[in-house]
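Visitor: Provided below: protein-v1.txt, containing compact mmCIF, C-alpha atoms and all ligand atoms.
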# COMPACT_ATOMS: atom_id res chain seq x y z
CA MET Q 1 0.00 0.00 0.00
CA ASN Q 2 2.70 2.36 -1.11
CA PHE Q 3 1.64 5.83 -2.24
CA ARG Q 4 4.95 7.48 -1.36
CA SER Q 5 6.45 7.91 -4.80
CA ASP Q 6 6.48 6.51 -8.31
CA ASN Q 7 10.24 6.24 -7.78
CA GLU Q 8 9.48 3.46 -5.30
CA ALA Q 9 7.47 1.46 -7.85
CA PRO Q 10 9.02 -1.64 -9.41
CA ILE Q 11 10.37 -1.90 -12.94
CA ASN Q 12 7.78 -2.87 -15.51
CA ALA Q 13 8.29 -6.52 -16.57
CA THR Q 14 8.48 -5.77 -20.32
CA ILE Q 15 11.17 -3.16 -19.70
CA LEU Q 16 13.13 -5.49 -17.45
CA LYS Q 17 12.95 -8.18 -20.13
CA ALA Q 18 14.25 -5.69 -22.70
CA ILE Q 19 17.39 -5.24 -20.55
CA VAL Q 20 17.89 -9.00 -20.41
CA ASP Q 21 17.27 -9.35 -24.16
CA ALA Q 22 19.87 -6.66 -24.86
CA ASN Q 23 22.42 -8.64 -22.87
CA LYS Q 24 23.61 -10.66 -25.83
CA GLY Q 25 27.23 -10.55 -26.87
CA PHE Q 26 29.23 -7.43 -27.59
CA GLU Q 27 27.81 -4.13 -28.73
CA GLU Q 28 29.41 -0.76 -29.44
CA SER Q 29 29.76 1.42 -26.37
CA TYR Q 30 29.04 5.08 -25.54
CA GLY Q 31 25.82 5.36 -27.52
CA TYR Q 32 26.93 3.93 -30.83
CA ASP Q 33 24.90 0.76 -30.25
CA GLN Q 34 21.85 -0.34 -32.25
CA TYR Q 35 19.46 0.36 -29.35
CA SER Q 36 20.49 3.98 -28.95
CA GLU Q 37 20.29 4.59 -32.68
CA ALA Q 38 16.85 2.95 -32.86
CA PHE Q 39 15.61 5.00 -29.90
CA THR Q 40 16.62 8.23 -31.62
CA GLU Q 41 14.64 7.19 -34.69
CA GLN Q 42 11.67 6.29 -32.50
CA CYS Q 43 11.78 9.75 -30.92
CA GLN Q 44 11.92 11.45 -34.32
CA GLN Q 45 8.81 9.51 -35.35
CA LEU Q 46 7.01 10.12 -32.10
CA PHE Q 47 7.68 13.87 -32.14
CA GLN Q 48 7.32 14.09 -35.95
CA SER Q 49 10.46 16.16 -36.02
CA TRP Q 50 14.21 16.12 -36.15
CA CYS Q 51 15.61 15.99 -32.63
CA GLU Q 52 18.89 15.25 -30.88
CA VAL Q 53 18.49 12.56 -28.25
CA LEU Q 54 20.77 11.85 -25.29
CA PRO Q 55 19.86 8.83 -23.16
CA LEU Q 56 20.73 9.51 -19.51
CA THR Q 57 20.18 7.90 -16.15
CA THR Q 58 18.78 10.74 -14.04
CA GLY Q 59 16.35 13.57 -14.48
CA THR Q 60 18.69 15.91 -12.66
CA ALA Q 61 21.35 15.26 -15.32
CA ALA Q 62 18.81 15.86 -18.11
CA ASN Q 63 17.68 19.15 -16.57
CA SER Q 64 21.22 20.30 -15.83
CA ILE Q 65 22.68 19.47 -19.24
CA ALA Q 66 19.64 21.19 -20.78
CA MET Q 67 20.44 24.31 -18.78
CA THR Q 68 24.08 24.21 -19.88
CA LEU Q 69 22.86 24.37 -23.47
CA ALA Q 70 20.25 27.05 -22.88
CA THR Q 71 22.05 29.62 -20.79
CA PRO Q 72 25.51 31.13 -20.43
CA PRO Q 73 26.99 31.37 -16.92
CA TYR Q 74 25.85 34.99 -16.74
CA GLY Q 75 22.28 34.05 -17.71
CA SER Q 76 19.19 33.37 -15.65
CA ILE Q 77 16.71 30.51 -15.56
CA LEU Q 78 13.07 31.36 -14.83
CA CYS Q 79 11.32 28.48 -13.10
CA HIS Q 80 8.54 27.89 -10.60
CA LYS Q 81 9.58 28.44 -6.98
CA HIS Q 82 8.57 24.86 -6.15
CA SER Q 83 10.14 23.31 -9.24
CA HIS Q 84 12.37 20.28 -8.84
CA MET Q 85 15.20 22.28 -10.34
CA ASN Q 86 14.83 25.01 -7.70
CA GLU Q 87 14.09 22.89 -4.64
CA ASP Q 88 15.41 19.38 -5.20
CA GLU Q 89 18.58 19.39 -7.28
CA CYS Q 90 21.04 20.66 -4.71
CA GLY Q 91 22.30 23.43 -6.98
CA ALA Q 92 23.05 21.11 -9.93
CA PRO Q 93 21.74 23.54 -12.59
CA GLU Q 94 23.85 26.35 -11.10
CA PHE Q 95 26.86 24.01 -10.89
CA PHE Q 96 26.54 22.66 -14.45
CA THR Q 97 26.02 26.11 -15.96
CA ALA Q 98 28.98 27.52 -14.03
CA GLY Q 99 26.75 29.88 -12.12
CA ALA Q 100 23.61 30.79 -14.03
CA LYS Q 101 21.01 32.22 -11.65
CA LEU Q 102 17.70 30.52 -10.92
CA ILE Q 103 14.88 33.05 -10.60
CA PRO Q 104 11.98 31.40 -8.73
CA MET Q 105 8.57 32.45 -10.03
CA PRO Q 106 5.28 32.42 -8.11
CA GLY Q 107 2.11 30.76 -9.34
CA GLU Q 108 -0.91 28.80 -8.15
CA HIS Q 109 -0.95 25.00 -8.26
CA GLY Q 110 2.68 24.59 -9.29
CA LYS Q 111 2.33 26.59 -12.50
CA ILE Q 112 4.25 29.78 -13.23
CA ASP Q 113 1.92 32.80 -13.16
CA LEU Q 114 2.27 33.86 -16.78
CA ASN Q 115 1.24 37.48 -16.20
CA TYR Q 116 3.83 37.76 -13.47
CA LEU Q 117 6.45 36.20 -15.74
CA ASP Q 118 5.66 38.65 -18.53
CA GLN Q 119 5.79 41.61 -16.16
CA TYR Q 120 9.00 40.39 -14.58
CA LEU Q 121 10.67 40.06 -17.97
CA ALA Q 122 9.39 43.45 -19.09
CA GLY Q 123 11.20 44.95 -16.09
CA THR Q 124 14.56 43.34 -16.80
CA GLY Q 125 17.41 44.99 -18.62
CA VAL Q 126 17.43 48.28 -16.72
CA HIS Q 127 20.53 47.37 -14.73
CA GLY Q 128 22.53 46.44 -17.83
CA GLU Q 129 25.52 44.24 -17.12
CA HIS Q 130 24.75 44.34 -13.38
CA GLU Q 131 21.95 41.83 -13.77
CA SER Q 132 21.86 38.27 -15.09
CA LEU Q 133 20.61 37.89 -18.65
CA PRO Q 134 17.22 36.12 -18.82
CA SER Q 135 17.95 33.12 -21.02
CA VAL Q 136 15.54 30.24 -20.48
CA ILE Q 137 12.12 29.51 -19.01
CA SER Q 138 11.86 26.07 -17.43
CA ILE Q 139 8.44 24.55 -16.76
CA THR Q 140 7.51 21.15 -15.34
CA GLN Q 141 4.86 19.07 -17.10
CA CYS Q 142 3.17 17.54 -15.00
CA THR Q 143 4.03 20.11 -12.36
CA GLU Q 144 5.28 19.32 -8.88
CA ALA Q 145 1.68 19.93 -7.69
CA GLY Q 146 0.36 17.24 -10.02
CA THR Q 147 -1.24 19.78 -12.36
CA LEU Q 148 -0.86 20.52 -16.06
CA TYR Q 149 -0.17 23.45 -18.29
CA THR Q 150 -2.95 23.37 -20.89
CA LEU Q 151 -2.08 23.72 -24.60
CA LYS Q 152 -3.47 27.27 -24.38
CA GLU Q 153 -1.06 28.09 -21.54
CA LEU Q 154 1.82 26.46 -23.41
CA ASN Q 155 1.01 28.69 -26.39
CA GLN Q 156 1.02 31.73 -24.10
CA LEU Q 157 4.45 30.64 -22.88
CA LYS Q 158 5.57 30.32 -26.48
CA ASN Q 159 4.55 33.95 -27.08
CA ILE Q 160 6.42 35.09 -23.98
CA LYS Q 161 9.57 33.21 -24.92
CA LYS Q 162 9.44 34.73 -28.40
CA LYS Q 163 8.75 38.23 -27.11
CA TYR Q 164 11.84 38.14 -24.89
CA ASN Q 165 13.98 35.94 -27.12
CA LEU Q 166 14.35 33.11 -24.59
CA PHE Q 167 14.52 29.34 -24.81
CA LEU Q 168 11.82 27.10 -23.32
CA HIS Q 169 12.68 23.94 -21.40
CA MET Q 170 10.20 21.32 -20.22
CA ASP Q 171 11.03 19.07 -17.28
CA GLY Q 172 9.03 16.03 -18.34
CA ALA Q 173 9.90 13.68 -15.49
CA ARG Q 174 6.20 12.70 -15.77
CA PHE Q 175 5.82 13.51 -19.46
CA ALA Q 176 3.74 10.40 -20.22
CA ASN Q 177 1.24 11.21 -17.45
CA ALA Q 178 0.85 14.71 -18.85
CA LEU Q 179 0.46 13.55 -22.44
CA VAL Q 180 -2.19 10.99 -21.58
CA ALA Q 181 -4.07 13.55 -19.48
CA LEU Q 182 -4.02 16.26 -22.15
CA ASP Q 183 -4.83 13.73 -24.85
CA CYS Q 184 -2.75 15.51 -27.47
CA SER Q 185 0.25 14.53 -29.57
CA ALA Q 186 3.82 14.62 -28.26
CA ALA Q 187 4.58 17.22 -30.95
CA GLU Q 188 1.72 19.47 -29.82
CA MET Q 189 2.91 19.40 -26.21
CA THR Q 190 6.52 20.21 -27.10
CA TRP Q 191 8.13 21.86 -30.12
CA GLN Q 192 4.83 23.00 -31.64
CA THR Q 193 4.25 25.06 -28.51
CA GLY Q 194 7.80 26.36 -28.45
CA VAL Q 195 9.62 23.78 -26.33
CA ASP Q 196 13.30 23.78 -27.32
CA LEU Q 197 14.52 21.18 -24.85
CA LEU Q 198 12.71 18.33 -23.10
CA SER Q 199 13.84 16.24 -20.15
CA PHE Q 200 11.97 13.07 -21.04
CA GLY Q 201 11.39 10.86 -18.02
CA ALA Q 202 10.76 7.13 -18.01
CA THR Q 203 12.03 5.98 -14.61
CA LYS Q 204 8.93 7.02 -12.66
CA ASN Q 205 6.68 5.34 -15.20
CA GLY Q 206 8.24 1.87 -15.30
CA ALA Q 207 11.89 2.07 -16.36
CA MET Q 208 14.81 1.13 -14.12
CA MET Q 209 16.90 4.27 -14.65
CA ALA Q 210 16.27 5.71 -18.05
CA GLU Q 211 15.68 9.31 -18.98
CA ALA Q 212 16.58 11.27 -22.07
CA LEU Q 213 17.37 14.82 -22.99
CA ILE Q 214 15.61 15.63 -26.25
CA VAL Q 215 16.57 18.83 -28.07
CA PHE Q 216 14.32 20.16 -30.82
CA ASN Q 217 16.21 23.35 -31.55
CA PRO Q 218 19.22 22.60 -33.81
CA ASN Q 219 20.89 25.83 -32.66
CA LEU Q 220 21.28 24.37 -29.18
CA ILE Q 221 23.27 21.25 -29.83
CA ASN Q 222 26.72 22.69 -30.32
CA GLN Q 223 29.17 20.44 -28.45
CA ILE Q 224 26.26 18.70 -26.72
CA LYS Q 225 28.11 15.39 -26.64
CA ARG Q 226 31.20 16.93 -25.08
CA LEU Q 227 29.03 18.64 -22.47
CA ARG Q 228 27.49 15.30 -21.60
CA LYS Q 229 30.90 13.65 -21.35
CA ARG Q 230 32.33 16.49 -19.24
CA SER Q 231 29.43 16.14 -16.84
CA GLY Q 232 30.19 12.45 -16.31
CA HIS Q 233 26.94 11.32 -17.90
CA LEU Q 234 28.21 9.58 -21.02
CA ILE Q 235 27.25 6.01 -20.17
CA SER Q 236 29.61 3.36 -21.53
CA LYS Q 237 27.07 0.51 -21.71
CA MET Q 238 24.36 2.78 -23.01
CA ARG Q 239 22.60 -0.07 -24.76
CA PHE Q 240 21.00 -1.07 -21.46
CA ILE Q 241 19.50 2.40 -21.00
CA SER Q 242 18.37 2.70 -24.61
CA ALA Q 243 16.90 -0.81 -24.64
CA GLN Q 244 14.66 0.29 -21.76
CA LEU Q 245 13.62 3.44 -23.56
CA GLN Q 246 12.90 1.51 -26.76
CA ALA Q 247 10.70 -0.99 -24.92
CA TYR Q 248 9.04 1.90 -23.09
CA LEU Q 249 7.88 3.47 -26.36
CA ASP Q 250 7.19 0.22 -28.22
CA ASN Q 251 3.50 -0.64 -28.62
CA ASP Q 252 2.60 2.48 -26.62
CA LEU Q 253 3.60 0.77 -23.37
CA TRP Q 254 4.51 4.15 -21.83
CA LEU Q 255 1.00 5.52 -22.50
CA GLU Q 256 -0.67 2.41 -21.11
CA LEU Q 257 1.37 2.65 -17.90
CA ALA Q 258 0.69 6.35 -17.46
CA HIS Q 259 -2.97 5.88 -18.20
CA HIS Q 260 -3.21 3.35 -15.37
CA ALA Q 261 -1.45 5.68 -12.92
CA ASN Q 262 -3.69 8.62 -13.83
CA LEU Q 263 -6.81 6.46 -13.64
CA MET Q 264 -5.94 5.32 -10.10
CA ALA Q 265 -5.51 8.96 -9.03
CA SER Q 266 -8.77 10.04 -10.61
CA ILE Q 267 -10.72 7.17 -8.99
CA PHE Q 268 -9.29 8.24 -5.65
CA LYS Q 269 -10.28 11.86 -6.30
CA GLN Q 270 -13.81 11.01 -7.38
CA GLN Q 271 -14.63 8.45 -4.72
CA THR Q 272 -13.09 9.96 -1.60
CA ILE Q 273 -15.85 12.15 -0.27
CA ASN Q 274 -15.42 12.44 3.50
CA HIS Q 275 -12.86 14.30 5.63
CA ILE Q 276 -10.74 15.34 2.66
CA GLU Q 277 -9.71 18.63 1.14
CA PHE Q 278 -7.84 18.55 -2.17
CA LEU Q 279 -5.18 21.23 -2.37
CA HIS Q 280 -4.73 21.19 -6.13
CA PRO Q 281 -6.80 19.96 -9.05
CA VAL Q 282 -6.08 16.27 -9.63
CA GLU Q 283 -5.00 16.18 -13.26
CA ALA Q 284 -2.50 13.34 -13.50
CA ASN Q 285 -1.03 10.89 -10.97
CA GLU Q 286 -0.24 12.96 -7.88
CA VAL Q 287 -2.68 14.05 -5.20
CA PHE Q 288 -2.09 16.58 -2.45
CA CYS Q 289 -4.74 16.56 0.25
CA ARG Q 290 -5.52 17.70 3.77
CA LEU Q 291 -6.90 15.15 6.24
CA PRO Q 292 -7.55 15.24 10.00
CA LEU Q 293 -4.31 14.49 11.86
CA LYS Q 294 -5.84 11.52 13.67
CA LEU Q 295 -6.93 10.03 10.36
CA ILE Q 296 -3.41 10.43 8.95
CA GLU Q 297 -2.04 8.55 11.99
CA HIS Q 298 -4.73 5.89 11.59
CA LEU Q 299 -3.77 5.36 7.93
CA GLN Q 300 -0.12 5.06 8.90
CA GLU Q 301 -0.98 2.50 11.59
CA LEU Q 302 -2.86 0.47 8.98
CA GLY Q 303 0.27 0.38 6.84
CA PHE Q 304 -0.52 2.98 4.18
CA LYS Q 305 2.66 4.73 3.08
CA PHE Q 306 2.73 8.32 1.86
CA HIS Q 307 4.71 11.50 2.35
CA LEU Q 308 3.70 14.11 4.90
CA TRP Q 309 4.10 17.34 2.96
CA PRO Q 310 6.78 19.65 4.41
CA GLY Q 311 5.47 22.75 6.08
CA HIS Q 312 1.98 21.37 6.80
CA LYS Q 313 1.22 18.85 9.54
CA ASP Q 314 -2.05 17.71 8.01
CA VAL Q 315 -1.18 17.59 4.30
CA ILE Q 316 -0.09 14.41 2.58
CA ARG Q 317 1.07 13.58 -0.95
CA LEU Q 318 -0.22 10.44 -2.60
CA VAL Q 319 1.48 9.26 -5.78
CA PHE Q 320 -0.25 6.71 -7.98
CA SER Q 321 1.98 4.76 -10.34
CA HIS Q 322 1.92 2.23 -13.15
CA ALA Q 323 2.14 -0.46 -10.46
CA THR Q 324 -0.55 0.83 -8.08
CA GLN Q 325 -3.10 -1.89 -7.36
CA SER Q 326 -6.76 -0.91 -7.56
CA ASN Q 327 -7.37 -2.96 -4.39
CA ASP Q 328 -5.01 -0.72 -2.45
CA VAL Q 329 -6.76 2.36 -3.80
CA ASN Q 330 -10.17 0.99 -2.82
CA GLN Q 331 -8.96 0.20 0.68
CA LEU Q 332 -7.57 3.69 1.05
CA ILE Q 333 -10.84 5.23 -0.13
CA ASN Q 334 -12.86 3.05 2.26
CA VAL Q 335 -10.76 3.84 5.30
CA ILE Q 336 -10.99 7.58 4.65
CA ASN Q 337 -14.69 7.62 3.83
CA ASN Q 338 -15.66 5.45 6.81
CA TYR Q 339 -13.42 7.10 9.39
CA LYS Q 340 -15.33 8.18 12.49
CA ASN Q 341 -13.97 11.28 14.21
CA LYS Q 342 -13.44 10.42 17.84
C1 LIG W 1 9.69 17.03 -11.52
C2 LIG W 1 10.93 16.22 -11.41
N1 LIG W 1 11.97 16.52 -12.19
C3 LIG W 1 13.07 15.77 -12.19
C4 LIG W 1 13.20 14.69 -11.36
C5 LIG W 1 14.43 13.86 -11.53
O1 LIG W 1 15.04 13.39 -10.48
P1 LIG W 1 16.24 12.31 -10.45
O2 LIG W 1 17.47 13.08 -10.69
O3 LIG W 1 16.09 11.80 -9.09
O4 LIG W 1 16.03 11.28 -11.53
C6 LIG W 1 12.17 14.38 -10.46
C7 LIG W 1 12.29 13.27 -9.49
O5 LIG W 1 11.68 13.19 -8.48
C8 LIG W 1 11.00 15.16 -10.50
O6 LIG W 1 9.95 14.89 -9.70
Write out the structure in this file as structure tokens.
Ligand SMILES: Cc1ncc(COP(=O)(O)O)c(C=O)c1O

Guide:
Amino acid sequence: MNFRSDNEAPINATILKAIVDANKGFEESYGYDQYSEAFTEQCQQLFQSWCEVLPLTTGTAANSIAMTLATPPYGSILCHKHSHMNEDECGAPEFFTAGAKLIPMPGEHGKIDLNYLDQYLAGTGVHGEHESLPSVISITQCTEAGTLYTLKELNQLKNIKKKYNLFLHMDGARFANALVALDCSAAEMTWQTGVDLLSFGATKNGAMMAEALIVFNPNLINQIKRLRKRSGHLISKMRFISAQLQAYLDNDLWLELAHHANLMASIFKQQTINHIEFLHPVEANEVFCRLPLKLIEHLQELGFKFHLWPGHKDVIRLVFSHATQSNDVNQLINVINNYKNK
């Protein structure tokens, strides 16, 4: 009954088998293997576009290498104040970019307030070389609050990035969950709405440790492979990462897994009717809710696992994953709905 994190979920069996199947004989190293080449082709088909693809093992590496490409050391990165990059990467983007400045943006439900962003950018430039140069907007899709930027909002972001001549990065650690929820094409949710760089996550949705940095803007790939190497993220036996990513995309497995995770979250949202206050709209696979303290303790005693959300005693985060069992969800719903306040 684990609702702590999709990182705690097991590896999907098809993906695990793909690793074993790739373990046959010798294969070129450092990304020149058949699996990595095939995965790049798969991405180009999926996104209906040319793109440069770097298989990686962590989302932090994908985000940080993306930032190295999108900003000089004297640049700034505009991201939500609660973004993973701002709160959970221990300064990796600043480190990788040799000092670019993260500018945390406010916004309801994990999404950057676009009016604020526009106004903020309109006010930059007055201090000349004394201030960092706005270079890239980074958004998370799904956001850290489990919400989504709609296609309309993504198009607004595209206008802002064009107006101020910036790049747009999408942290897609939960890209599949977002795509399934928005029910649009991968192209529509990325380069067609101005996304230049995408951190494409697979680990949370069934892979063992497989992410990719996907770059749609050909002007951004100068020395990209050296930057990856210099950062220590050029994987020698890359075939085992790419084989996972290939299996992930094959036969729409990734969409099936994300659909299950989102469905579990939406059943929970719809059927839990007592004692609960939802803090954000439930749009994908993460739920943030307030419950009576005694009920939280009761759930813990019964063996339900979840994170208590920092800063609030009575707020918990529930993450539904590709491996969440509907029985566990039903039990959770029943305990909450039938709880009697003592
Ligand atoms: C929104 C988001 N971005 C990126 C990451 C990547 O993290 P890691 O470096 O642990 O793979 C995570 C993981 O929790 C995340 O939630």

Visitor: Please identify the residues whose atoms come within 9 Å of ligand LIG 1 (chain W), using only C-alpha atoms and all ligand atoms, and report them as a VMD selection string.

Guide: chain Q and resid 5 to 7 57 to 63 83 to 85 88 to 89 140 to 144 171 to 174 199 201 203 to 204 209 to 211

Visitor: Which residue out of Q:Ile15, Q:Ala145, Q:Leu279, Q:Ile137 has the minimum interatomic distance to Q:Val319 when all atoms listed in the file are used?

Guide: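 For Q:Val319, the nearest of the given residues is Q:Ala145.
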
Visitor: Could you work out how far atom CA of Q:Ala66 lies from atom CA of Q:Leu234, giving the answer in Å with one decimal?

Guide: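 Distance reported for this atom pair: 14.4 Å.
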
Visitor: Find, counting all atoms listed in the file, the residue in Q:Ile65, Q:Ala9, Q:Leu179, Q:Ala18 that gets nearest to Q:Arg230.

Guide: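 Of all the options, Q:Ile65 lies closest to Q:Arg230.
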
Visitor: By how many Å are atom CA of Q:Leu295 and atom CA of Q:Phe3 apart?

Guide: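 Taking atom CA of Q:Leu295 and atom CA of Q:Phe3, their separation equals 15.8 Å.
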
Visitor: Within 9 Å of stretch 69-72 of chain Q, counting only C-alpha atoms, which residues qualify if same-chain residues fewer than 6 places away don't, as number ranges by chain?

Guide: Q: 97-100, 133-136, 166-169, 196-197, 220-224, 227

Visitor: Could you check how far atom CA of Q:Ser236 sits from atom CA of Q:Glu52, in Å to one decimal?

Guide: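 Value for the atom CA of Q:Ser236-atom CA of Q:Glu52 distance: 18.5 Å.
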
Visitor: Please list as a list of chain:residue names every residue within 8 Å of stretch 109-117 of chain Q, counting all atoms listed in the file and excluding residues in the same chain fewer than 6 positions away.

Guide: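 Counting only the stated atoms, we get Q:Cys79, Q:His80, Q:His82, Q:Ser83, Q:Ile139, Q:Thr143, Q:Glu144, Q:Ala145, Q:Gly146, Q:Thr147, Q:Leu148, Q:Tyr149, Q:Gln156, Q:Leu157, Q:His280, Q:Pro281.
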
Visitor: List as a compact mmCIF listing (two decimals) with C-alpha atoms, in the coordinates of the input the protein and nucleic acid residues near stretch 244-254 of chain Q, meaning an atom at most 6 Å away when only C-alpha atoms are counted, but skip any in the same chain fewer than 2 places from it.

Guide:
# COMPACT_ATOMS: atom_id res chain seq x y z
CA ILE Q 15 11.17 -3.16 -19.70
CA PHE Q 39 15.61 5.00 -29.90
CA ILE Q 241 19.50 2.40 -21.00
CA SER Q 242 18.37 2.70 -24.61
CA GLU Q 256 -0.67 2.41 -21.11
CA LEU Q 257 1.37 2.65 -17.90

Visitor: Which polymer residues have any atom within 8 Å of an atom of stretch 181-192 of chain Q, counting only C-alpha atoms, with same-chain residues fewer than 3 positions away left out, as a list in words?

Guide: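 Non-adjacent residues within range: Leu46, Phe47, Gln48, Ser49, Thr150, Leu151, Leu154, Met170, Asn177, Ala178, Val195, Asp196, Leu198, Phe216, His259, Asn262, Glu283 and Ala284 of chain Q.
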
Visitor: Find, counting all atoms listed in the file, the residue in Q:Gln44, Q:Lys269, Q:Tyr74, Q:Lys81 that gets nearest to Q:Ile214.

Guide: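 So, comparing all the options, the nearest one is Q:Gln44.
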
Visitor: Residues at most 8 Å from Q:Pro10, counting all atoms listed in the file, excluding those fewer than 5 positions away in the same chain, as a list in words?

Guide: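 Returned residues: Gly206, Met208 and Ala323 of chain Q.
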